Structure formats: structure tokens, C-alpha cells
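Q: Next comes the structure file work-v6.pdb, holding PDB, C-alpha atoms and all ligand atoms.
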```
ATOM      1  CA  MET A   1     -20.280  32.582  -9.888
ATOM      2  CA  GLN A   2     -17.712  30.879 -12.166
ATOM      3  CA  ASN A   3     -15.223  33.556 -11.178
ATOM      4  CA  ALA A   4     -15.717  32.730  -7.511
ATOM      5  CA  PHE A   5     -14.988  29.045  -8.191
ATOM      6  CA  ASP A   6     -11.891  29.873 -10.193
ATOM      7  CA  LYS A   7     -10.658  32.156  -7.436
ATOM      8  CA  ARG A   8     -11.216  29.495  -4.794
ATOM      9  CA  LYS A   9      -9.406  26.915  -6.959
ATOM     10  CA  GLU A  10      -6.489  29.293  -7.346
ATOM     11  CA  GLU A  11      -6.347  29.854  -3.572
ATOM     12  CA  LEU A  12      -6.351  26.104  -2.882
ATOM     13  CA  LYS A  13      -3.569  25.594  -5.407
ATOM     14  CA  GLU A  14      -1.475  28.260  -3.731
ATOM     15  CA  PHE A  15      -2.143  26.746  -0.311
ATOM     16  CA  SER A  16      -1.168  23.325  -1.575
ATOM     17  CA  GLU A  17       2.081  24.623  -3.046
ATOM     18  CA  ALA A  18       2.872  26.432   0.183
ATOM     19  CA  LEU A  19       2.382  23.201   2.144
ATOM     20  CA  ASP A  20       4.660  21.353  -0.262
ATOM     21  CA  LYS A  21       7.363  23.893   0.449
ATOM     22  CA  LEU A  22       6.883  23.493   4.210
ATOM     23  CA  ASP A  23       7.123  19.682   3.987
ATOM     24  CA  ILE A  24       4.678  19.181   6.834
ATOM     25  CA  ARG A  25       1.900  17.214   5.211
ATOM     26  CA  LYS A  26       3.425  13.788   4.784
ATOM     27  CA  LYS A  27       5.582  13.037   7.763
ATOM     28  CA  ASP A  28       7.149   9.915   6.212
ATOM     29  CA  GLU A  29       8.140  11.822   3.125
ATOM     30  CA  VAL A  30       9.908  14.423   5.253
ATOM     31  CA  VAL A  31      11.857  11.823   7.205
ATOM     32  CA  GLN A  32      12.739  10.027   4.013
ATOM     33  CA  LYS A  33      14.086  13.274   2.602
ATOM     34  CA  GLN A  34      16.257  13.688   5.685
ATOM     35  CA  ALA A  35      17.314  10.061   5.620
ATOM     36  CA  PRO A  36      18.529   8.867   2.224
ATOM     37  CA  ASP A  37      17.300   5.506   0.959
ATOM     38  CA  ASP A  38      20.730   3.935   1.049
ATOM     39  CA  LEU A  39      21.092   4.578   4.791
ATOM     40  CA  MET A  40      17.630   4.054   6.242
ATOM     41  CA  THR A  41      14.795   1.620   5.875
ATOM     42  CA  LYS A  42      11.423   1.140   7.528
ATOM     43  CA  CYS A  43      10.180  -1.841   9.532
ATOM     44  CA  PRO A  44       7.132  -3.127   7.609
ATOM     45  CA  LYS A  45       5.529  -4.243  10.881
ATOM     46  CA  CYS A  46       5.960  -1.351  13.331
ATOM     47  CA  ASP A  47       6.701   1.387  10.754
ATOM     48  CA  ARG A  48       9.743   2.669  12.644
ATOM     49  CA  PHE A  49      12.748   3.952  10.729
ATOM     50  CA  LEU A  50      15.895   1.871  11.087
ATOM     51  CA  VAL A  51      19.520   2.390  10.108
ATOM     52  CA  LYS A  52      20.195  -0.246   7.437
ATOM     53  CA  GLU A  53      23.660  -1.085   8.709
ATOM     54  CA  GLU A  54      22.463  -1.569  12.306
ATOM     55  CA  LEU A  55      19.548  -3.675  11.081
ATOM     56  CA  PHE A  56      21.921  -5.869   9.081
ATOM     57  CA  ASP A  57      24.178  -6.283  12.142
ATOM     58  CA  ASN A  58      21.051  -7.267  14.102
ATOM     59  CA  LEU A  59      20.475 -10.098  11.553
ATOM     60  CA  MET A  60      17.588  -8.170   9.940
ATOM     61  CA  VAL A  61      15.470  -8.358  13.097
ATOM     62  CA  CYS A  62      13.691  -5.131  14.112
ATOM     63  CA  PRO A  63      15.020  -4.084  17.551
ATOM     64  CA  TYR A  64      11.662  -2.461  18.434
ATOM     65  CA  CYS A  65       9.075  -5.126  17.524
ATOM     66  CA  ASN A  66      11.215  -8.274  17.007
ATOM     67  CA  ASN A  67      10.000  -8.571  13.404
ATOM     68  CA  HIS A  68      12.153 -11.213  11.704
ATOM     69  CA  MET A  69      12.416  -9.717   8.228
ATOM     70  CA  ARG A  70      12.899 -11.781   5.083
ATOM     71  CA  LEU A  71      16.496 -12.583   4.233
ATOM     72  CA  HIS A  72      18.371 -13.064   1.004
ATOM     73  CA  ALA A  73      19.611 -16.650   0.806
ATOM     74  CA  LYS A  74      23.246 -15.586   0.823
ATOM     75  CA  ASP A  75      22.783 -13.497   3.992
ATOM     76  CA  ARG A  76      21.108 -16.446   5.707
ATOM     77  CA  ILE A  77      23.973 -18.718   4.665
ATOM     78  CA  ASN A  78      26.520 -16.260   6.049
ATOM     79  CA  GLN A  79      24.591 -16.080   9.338
ATOM     80  CA  ILE A  80      24.403 -19.843   9.752
ATOM     81  CA  MET A  81      27.499 -21.374   8.186
ATOM     82  CA  ASP A  82      31.121 -21.257   9.242
ATOM     83  CA  LYS A  83      33.343 -19.527   6.682
ATOM     84  CA  ASP A  84      34.579 -21.453   3.631
ATOM     85  CA  TYR A  85      31.375 -23.182   2.644
ATOM     86  CA  GLU A  86      30.947 -24.341  -0.924
ATOM     87  CA  ILE A  87      27.901 -23.563  -3.083
ATOM     88  CA  ILE A  88      26.782 -26.757  -4.807
ATOM     89  CA  PHE A  89      24.277 -27.750  -7.517
ATOM     90  CA  ASN A  90      24.436 -24.244  -8.929
ATOM     91  CA  ASN A  91      23.254 -23.314 -12.434
ATOM     92  CA  LEU A  92      21.163 -26.376 -13.220
ATOM     93  CA  GLU A  93      19.542 -25.972 -16.603
ATOM     94  CA  GLU A  94      15.856 -25.007 -16.694
ATOM     95  CA  LYS A  95      14.004 -27.196 -19.240
ATOM     96  CA  TYR A  96      10.375 -26.136 -18.972
ATOM     97  CA  LEU A  97      10.249 -22.643 -20.416
ATOM     98  CA  ASP A  98       7.057 -22.769 -22.489
ATOM     99  CA  PHE A  99       4.963 -20.413 -20.354
ATOM    100  CA  PRO A 100       4.778 -16.879 -21.840
ATOM    101  CA  ASP A 101       7.508 -14.566 -20.508
ATOM    102  CA  TYR A 102       8.755 -17.228 -18.081
ATOM    103  CA  GLU A 103      12.343 -17.081 -19.300
ATOM    104  CA  LYS A 104      12.315 -13.285 -18.986
ATOM    105  CA  LYS A 105      10.910 -13.519 -15.447
ATOM    106  CA  LEU A 106      13.564 -16.064 -14.501
ATOM    107  CA  ASN A 107      16.322 -13.783 -15.733
ATOM    108  CA  GLU A 108      14.864 -10.847 -13.800
ATOM    109  CA  ALA A 109      14.659 -12.980 -10.653
ATOM    110  CA  LYS A 110      18.263 -14.051 -11.097
ATOM    111  CA  GLU A 111      19.307 -10.446 -11.279
ATOM    112  CA  ALA A 112      17.124  -9.305  -8.349
ATOM    113  CA  SER A 113      18.234 -12.062  -6.006
ATOM    114  CA  GLY A 114      21.779 -12.789  -7.165
ATOM    115  CA  ASN A 115      20.885 -16.519  -7.103
ATOM    116  CA  ASP A 116      20.495 -19.006  -9.940
ATOM    117  CA  GLU A 117      17.200 -20.286  -8.466
ATOM    118  CA  SER A 118      14.777 -20.022  -5.545
ATOM    119  CA  ILE A 119      17.030 -22.234  -3.430
ATOM    120  CA  VAL A 120      20.768 -21.982  -2.803
ATOM    121  CA  CYS A 121      22.536 -25.148  -1.645
ATOM    122  CA  VAL A 122      25.808 -25.300   0.265
ATOM    123  CA  LYS A 123      28.138 -27.844   1.760
ATOM    124  CA  GLY A 124      30.052 -26.671   4.791
ATOM    125  CA  LYS A 125      30.177 -26.589   8.561
ATOM    126  CA  ILE A 126      28.092 -25.229  11.428
ATOM    127  CA  ASN A 127      30.313 -24.715  14.489
ATOM    128  CA  GLY A 128      32.737 -27.219  12.968
ATOM    129  CA  ILE A 129      30.109 -29.895  12.190
ATOM    130  CA  ASN A 130      29.836 -31.064   8.567
ATOM    131  CA  VAL A 131      26.410 -30.436   7.081
ATOM    132  CA  LEU A 132      24.437 -29.822   3.888
ATOM    133  CA  VAL A 133      22.220 -26.733   3.952
ATOM    134  CA  GLY A 134      19.657 -25.460   1.446
ATOM    135  CA  VAL A 135      18.183 -21.973   1.777
ATOM    136  CA  MET A 136      15.129 -20.778  -0.120
ATOM    137  CA  ASP A 137      14.913 -17.141  -1.145
ATOM    138  CA  SER A 138      11.673 -15.148  -1.286
ATOM    139  CA  PHE A 139      13.406 -12.572  -3.493
ATOM    140  CA  PHE A 140      13.492 -15.157  -6.293
ATOM    141  CA  MET A 141       9.929 -15.415  -7.669
ATOM    142  CA  MET A 142       8.573 -15.530  -4.095
ATOM    143  CA  GLY A 143      10.584 -18.700  -3.402
ATOM    144  CA  SER A 144       8.365 -20.673  -5.745
ATOM    145  CA  MET A 145       9.240 -24.322  -6.378
ATOM    146  CA  GLY A 146       9.795 -25.306  -9.984
ATOM    147  CA  SER A 147      11.651 -28.262 -11.469
ATOM    148  CA  VAL A 148      15.133 -26.897 -10.712
ATOM    149  CA  CYS A 149      14.276 -26.177  -7.064
ATOM    150  CA  GLY A 150      12.786 -29.678  -6.722
ATOM    151  CA  GLU A 151      15.813 -31.219  -8.384
ATOM    152  CA  LYS A 152      18.170 -29.371  -6.044
ATOM    153  CA  VAL A 153      16.297 -30.514  -2.919
ATOM    154  CA  THR A 154      16.321 -34.083  -4.265
ATOM    155  CA  LEU A 155      20.039 -33.950  -5.076
ATOM    156  CA  MET A 156      20.726 -32.568  -1.569
ATOM    157  CA  ALA A 157      18.774 -35.393   0.069
ATOM    158  CA  GLU A 158      20.566 -37.998  -2.084
ATOM    159  CA  LYS A 159      23.985 -36.471  -1.363
ATOM    160  CA  ALA A 160      23.296 -36.364   2.384
ATOM    161  CA  THR A 161      22.230 -40.038   2.282
ATOM    162  CA  LYS A 162      25.317 -41.063   0.327
ATOM    163  CA  GLU A 163      27.834 -39.039   2.320
ATOM    164  CA  ASN A 164      26.281 -39.637   5.766
ATOM    165  CA  LEU A 165      25.619 -35.978   6.376
ATOM    166  CA  PRO A 166      22.720 -34.250   8.125
ATOM    167  CA  LEU A 167      20.508 -32.049   5.942
ATOM    168  CA  ILE A 168      19.022 -28.695   6.980
ATOM    169  CA  LEU A 169      16.561 -26.860   4.731
ATOM    170  CA  PHE A 170      15.409 -23.293   5.366
ATOM    171  CA  THR A 171      12.022 -23.022   3.686
ATOM    172  CA  CYS A 172      10.498 -19.807   2.388
ATOM    173  CA  SER A 173       8.008 -20.107  -0.425
ATOM    174  CA  GLY A 174       4.739 -18.997  -1.958
ATOM    175  CA  GLY A 175       4.294 -22.568  -3.206
ATOM    176  CA  ALA A 176       4.607 -24.429  -6.489
ATOM    177  CA  ARG A 177       5.664 -22.333  -9.506
ATOM    178  CA  MET A 178       2.580 -21.813 -11.644
ATOM    179  CA  GLN A 179       4.622 -21.215 -14.826
ATOM    180  CA  GLU A 180       5.632 -24.879 -14.776
ATOM    181  CA  GLY A 181       2.148 -26.240 -14.112
ATOM    182  CA  ILE A 182       1.995 -29.945 -13.322
ATOM    183  CA  ILE A 183       5.802 -30.251 -13.488
ATOM    184  CA  SER A 184       6.079 -28.032 -10.412
ATOM    185  CA  LEU A 185       3.422 -30.021  -8.553
ATOM    186  CA  MET A 186       5.381 -33.195  -9.325
ATOM    187  CA  GLN A 187       8.274 -31.786  -7.276
ATOM    188  CA  MET A 188       6.223 -32.379  -4.130
ATOM    189  CA  ALA A 189       6.251 -36.155  -4.709
ATOM    190  CA  LYS A 190       9.820 -36.186  -6.005
ATOM    191  CA  THR A 191      11.325 -34.290  -3.056
ATOM    192  CA  SER A 192       9.197 -36.224  -0.542
ATOM    193  CA  GLN A 193      10.464 -39.625  -1.660
ATOM    194  CA  ALA A 194      14.105 -38.453  -1.579
ATOM    195  CA  ILE A 195      13.616 -37.005   1.920
ATOM    196  CA  GLY A 196      11.942 -40.272   2.981
ATOM    197  CA  LYS A 197      15.016 -42.254   1.945
ATOM    198  CA  LEU A 198      17.350 -39.789   3.647
ATOM    199  CA  LYS A 199      15.457 -40.073   6.928
ATOM    200  CA  GLU A 200      16.055 -43.815   7.065
ATOM    201  CA  LYS A 201      19.754 -43.031   7.522
ATOM    202  CA  GLU A 202      20.403 -39.415   8.483
ATOM    203  CA  LEU A 203      18.917 -36.465  10.318
ATOM    204  CA  TYR A 204      16.793 -33.948   8.448
ATOM    205  CA  ILE A 205      15.915 -30.596  10.053
ATOM    206  CA  SER A 206      13.651 -28.014   8.447
ATOM    207  CA  VAL A 207      13.549 -24.390   9.531
ATOM    208  CA  LEU A 208      10.308 -22.730   8.460
ATOM    209  CA  THR A 209      10.729 -19.036   7.760
ATOM    210  CA  ASP A 210       8.292 -16.358   6.649
ATOM    211  CA  PRO A 211       6.396 -17.363   4.503
ATOM    212  CA  THR A 212       6.307 -21.155   4.116
ATOM    213  CA  THR A 213       3.160 -21.954   2.160
ATOM    214  CA  GLY A 214       1.635 -24.010  -0.652
ATOM    215  CA  GLY A 215       3.420 -26.983  -2.193
ATOM    216  CA  VAL A 216       6.566 -26.486  -0.125
ATOM    217  CA  SER A 217       4.653 -26.491   3.180
ATOM    218  CA  ALA A 218       2.889 -29.637   1.956
ATOM    219  CA  SER A 219       6.071 -31.508   1.024
ATOM    220  CA  PHE A 220       9.646 -31.303   2.265
ATOM    221  CA  ALA A 221       9.016 -28.484   4.795
ATOM    222  CA  ALA A 222       6.636 -30.754   6.693
ATOM    223  CA  LEU A 223       8.656 -33.975   6.596
ATOM    224  CA  ALA A 224      11.578 -33.183   8.883
ATOM    225  CA  ASP A 225      12.707 -35.190  11.897
ATOM    226  CA  ILE A 226      12.866 -31.843  13.699
ATOM    227  CA  THR A 227      10.828 -28.839  12.544
ATOM    228  CA  LEU A 228      11.927 -25.416  13.729
ATOM    229  CA  ALA A 229      10.439 -22.028  12.836
ATOM    230  CA  GLU A 230      11.271 -18.369  13.206
ATOM    231  CA  PRO A 231       8.981 -16.199  15.380
ATOM    232  CA  ASN A 232       5.798 -14.982  13.695
ATOM    233  CA  ALA A 233       6.520 -16.733  10.389
ATOM    234  CA  LEU A 234       3.477 -17.282   8.191
ATOM    235  CA  ILE A 235       3.068 -21.032   7.807
ATOM    236  CA  GLY A 236       0.153 -22.635   6.026
ATOM    237  CA  PHE A 237      -1.064 -24.266   2.840
ATOM    238  CA  ALA A 238      -3.776 -22.143   1.208
ATOM    239  CA  GLY A 239      -4.315 -18.443   1.965
ATOM    240  CA  LYS A 240      -6.460 -17.523   4.971
ATOM    241  CA  ARG A 241      -9.104 -15.757   2.858
ATOM    242  CA  VAL A 242      -9.438 -18.719   0.490
ATOM    243  CA  ILE A 243     -10.058 -21.049   3.431
ATOM    244  CA  GLU A 244     -12.555 -18.655   5.035
ATOM    245  CA  ARG A 245     -14.530 -18.428   1.792
ATOM    246  CA  THR A 246     -14.457 -22.192   1.320
ATOM    247  CA  ILE A 247     -15.515 -23.245   4.812
ATOM    248  CA  LYS A 248     -17.616 -20.099   5.387
ATOM    249  CA  GLU A 249     -16.150 -19.496   8.848
ATOM    250  CA  VAL A 250     -13.986 -16.767  10.324
ATOM    251  CA  LEU A 251     -10.573 -18.075  11.317
ATOM    252  CA  PRO A 252      -8.691 -16.936  14.447
ATOM    253  CA  LYS A 253      -6.353 -13.958  14.102
ATOM    254  CA  GLU A 254      -3.235 -15.982  14.939
ATOM    255  CA  PHE A 255      -4.147 -18.684  12.383
ATOM    256  CA  GLN A 256      -1.152 -19.752  10.239
ATOM    257  CA  THR A 257       1.485 -18.176  12.449
ATOM    258  CA  ALA A 258       4.481 -20.176  13.704
ATOM    259  CA  GLU A 259       3.093 -19.770  17.245
ATOM    260  CA  PHE A 260      -0.297 -21.236  16.289
ATOM    261  CA  ASN A 261       1.405 -24.158  14.534
ATOM    262  CA  LEU A 262       3.609 -24.767  17.592
ATOM    263  CA  GLU A 263       0.530 -24.950  19.798
ATOM    264  CA  LYS A 264      -1.041 -27.482  17.410
ATOM    265  CA  GLY A 265       2.096 -29.644  17.350
ATOM    266  CA  TYR A 266       3.134 -29.014  13.744
ATOM    267  CA  ILE A 267       6.357 -27.315  14.849
ATOM    268  CA  ASP A 268       8.787 -28.547  17.506
ATOM    269  CA  LYS A 269      10.328 -25.224  18.502
ATOM    270  CA  ILE A 270      10.323 -21.553  17.603
ATOM    271  CA  VAL A 271      13.856 -20.203  17.591
ATOM    272  CA  LYS A 272      14.904 -16.556  17.442
ATOM    273  CA  ARG A 273      17.273 -15.797  14.579
ATOM    274  CA  LYS A 274      20.120 -14.898  16.925
ATOM    275  CA  ASP A 275      19.903 -18.371  18.539
ATOM    276  CA  LEU A 276      19.512 -20.407  15.332
ATOM    277  CA  LYS A 277      23.131 -21.307  14.653
ATOM    278  CA  GLU A 278      23.735 -22.439  18.232
ATOM    279  CA  THR A 279      20.459 -24.393  18.354
ATOM    280  CA  LEU A 280      21.230 -26.185  15.077
ATOM    281  CA  ALA A 281      24.781 -27.015  16.233
ATOM    282  CA  ASN A 282      23.427 -28.429  19.518
ATOM    283  CA  LEU A 283      20.819 -30.539  17.712
ATOM    284  CA  LEU A 284      23.468 -31.937  15.358
ATOM    285  CA  LYS A 285      25.749 -32.795  18.305
ATOM    286  CA  LEU A 286      22.862 -34.497  20.116
ATOM    287  CA  HIS A 287      22.377 -36.679  17.038
ATOM    288  CA  ARG A 288      25.991 -37.949  16.980
ATOM    289  CA  TYR A 289      27.280 -35.571  14.288
ATOM    290  CA  ASN A 290      30.615 -33.944  14.887
TER     291      ASN A 290
HETATM  292 ZN    ZN B 301       9.537  -3.220  13.865
END
```
Please express what this file holds, its structure, as C-alpha cells.
Ligand SMILES: [Zn+2]
A:
Amino acid sequence: MQNAFDKRKEELKEFSEALDKLDIRKKDEVVQKQAPDDLMTKCPKCDRFLVKEELFDNLMVCPYCNNHMRLHAKDRINQIMDKDYEIIFNNLEEKYLDFPDYEKKLNEAKEASGNDESIVCVKGKINGINVLVGVMDSFFMMGSMGSVCGEKVTLMAEKATKENLPLILFTCSGGARMQEGIISLMQMAKTSQAIGKLKEKELYISVLTDPTTGGVSASFAALADITLAEPNALIGFAGKRVIERTIKEVLPKEFQTAEFNLEKGYIDKIVKRKDLKETLANLLKLHRYN
């Protein structure tokens, strides 16, 4: 009997090895072998394979399903700004490093994203109009807001107020940065008061991108004179499952999408990535900026 089992096991092993040689079991693996990682990527929404260079030229929007993929801050800045912008408020010193391994995580995030923090701030022009722009980056600790991020947003709002410039913030965040505890939560109040002062004098536009959640969605992302969003962006405060468990109700499928928030009046307009620069320039012109 034992011999029969061993024989069967041997046969299965041989069959398995033969399949490996044929490369027919895992279709994705086969395609990946034909298409090297540095040339191809896969749309996380529709699973189709895409040529990286073409995807980049298409502003990281999937041509098949219109999925607006997450962008590195610097790519967003290059899409939106005229050439010759200046990066400002870079390399602010982080003071609250007590949480275990936080400093190590920060250094890893800096390396992974190429940014000094979860937001990159620039001064420059959009279609020739002077503007201050801040762009959050999900590749830096999921765009979490700590003291440096909060300080940068505050400094941007103060600079815009002082220099009579409009402010545009692209939000993308998992929320407050847990490693900084209460200090990160304080950034909600700090940024909100600076934005409040700015709005007495100048225009503030926020562009909500995927995902805008937690403390960021509950502070400066929600306080703009004009709130835009990218298609299908996840926008909400707490996670859908947390809410469902708390209120013991099933939420609609489209809950926390940009489209749902537009319907409920939280967002003024959903703008496709390819139309964003033009839309922002038109809004600035309409509000006397030139
Ligand atoms: Zn797709």
C-alpha cells in the first residue's frame, strides 16, 4: 500500500515539473516572463498589462478602465506646473522621533519616495499664473500627516496669505501619522486655522486624490473654497468596515467614492487627470489671478 502512495506521489511530482517546464499553469507568470518588469506593469483595477512608458505618457491613467493610478508627488508636480517651479519648505527637521523604529521608517520612506516628507511644496506657475501648490505622496508612509507635513501646509497657507497667491493642495493620505500620536492630531487644528486665515484673503482649492482619508480628509482637504476630486478616488474619514461594524448596517457599494461625495455635495467637481491643469488655470483666472 505504502509503495502505491509513494509511486503516486512520484508521478504527481513529475507531472508538476513537466507543467512548470510548459509554463501553462499560471498565465500571469508566463506573460511576466515574456514582459520584463522594467517595461510592463499591470493595472490593479482591470488586471490588464500595460507598457510602462505608454502609461506614464497617459498620466498614469489606465487606457482600458480609466483607473487613475496613484502618482509620485514629483510626477504630479510635473503634470500640473509650468517648468521652472521652485521646491520650497524642503528638509524641515523632524522633532518627534520617540516612537520605536520611527526614524528608520522615515529614512526608508525618504528613499522610497524621493521626497523629504509626505507632502512636497512648490512655488511656480500654472499656465503662466503664479501659484503655491502642495502635493501629498502616498508612497511616503501612505501620505500620513505628522508634524512636518502639518507645518508645511501651515507655512504654505501663511505664505499664500502674505504674498497674495492662490493655494492649491493635492491631498492623498491614510490620515494622521500614528507614530507621532497626539502631535499628529494637533496638525488638524493647526492647518485648519492657517487655512481659515488664508481664505479671508485668497483662494484655496483642494484636489482630493485616491485615497484622501482620516485626519487629512477631516481638516485642510475639506476646507477649500473649491473642492475638486479625481474620478473614483476613495474619500472618507474612517474605513468602510469600521463604520459598518459600528453602526451595524451595510453601506452602499459606491460609499466613499468621489462620485458618491459629489452627489452628496461634499465635492464641487470631478475632473479627469488630463483636464486638471486646464481646469485649475481657468478657476484661477475666474478668481482674478493672472
Ligand atoms: Zn485598468
Q: For this structure, which residues satisfy the selection - the PyMOL selection byres (((chain A and resi 289) around 8) and not hetatm) - when it is evaluated on the file as given? I want them as number ranges by chain.
A: A: 129-130, 166, 284-288, 290
Q: List all protein, DNA and RNA residues that have at least one atom no more than 9 Å from any atom of ligand ZN 301 (chain B), counting only C-alpha atoms and all ligand atoms, and write them as a list in words.
A: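 Taking only C-alpha atoms and all ligand atoms into account, the residues around ligand ZN 301 (chain B) at most 9 Å away are Lys42, Cys43, Pro44, Lys45, Cys46, Asp47, Arg48, Phe49, Leu50, Val61, Cys62, Pro63, Tyr64, Cys65, Asn66, Asn67 and His68 of chain A.
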Q: Just the number, please: distance in Å from atom CA of Ala258 of chain A to atom CA of Gly124 of chain A, one decimal.
A: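 Pair atom CA of Ala258 of chain A / atom CA of Gly124 of chain A returns 27.8 Å.
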Q: When the PyMOL selection byres (((chain A and resi 273) around 8) and not hetatm) is applied to the structure above, which residues does it catch, written out as a ChimeraX atom specification?
A: /A:59,61,68,230,271-272,274-276
Q: In Å, how far is it from atom CA of Met142 of chain A to atom CA of Ile88 of chain A?
A: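 Those two atoms sit 21.4 Å apart.
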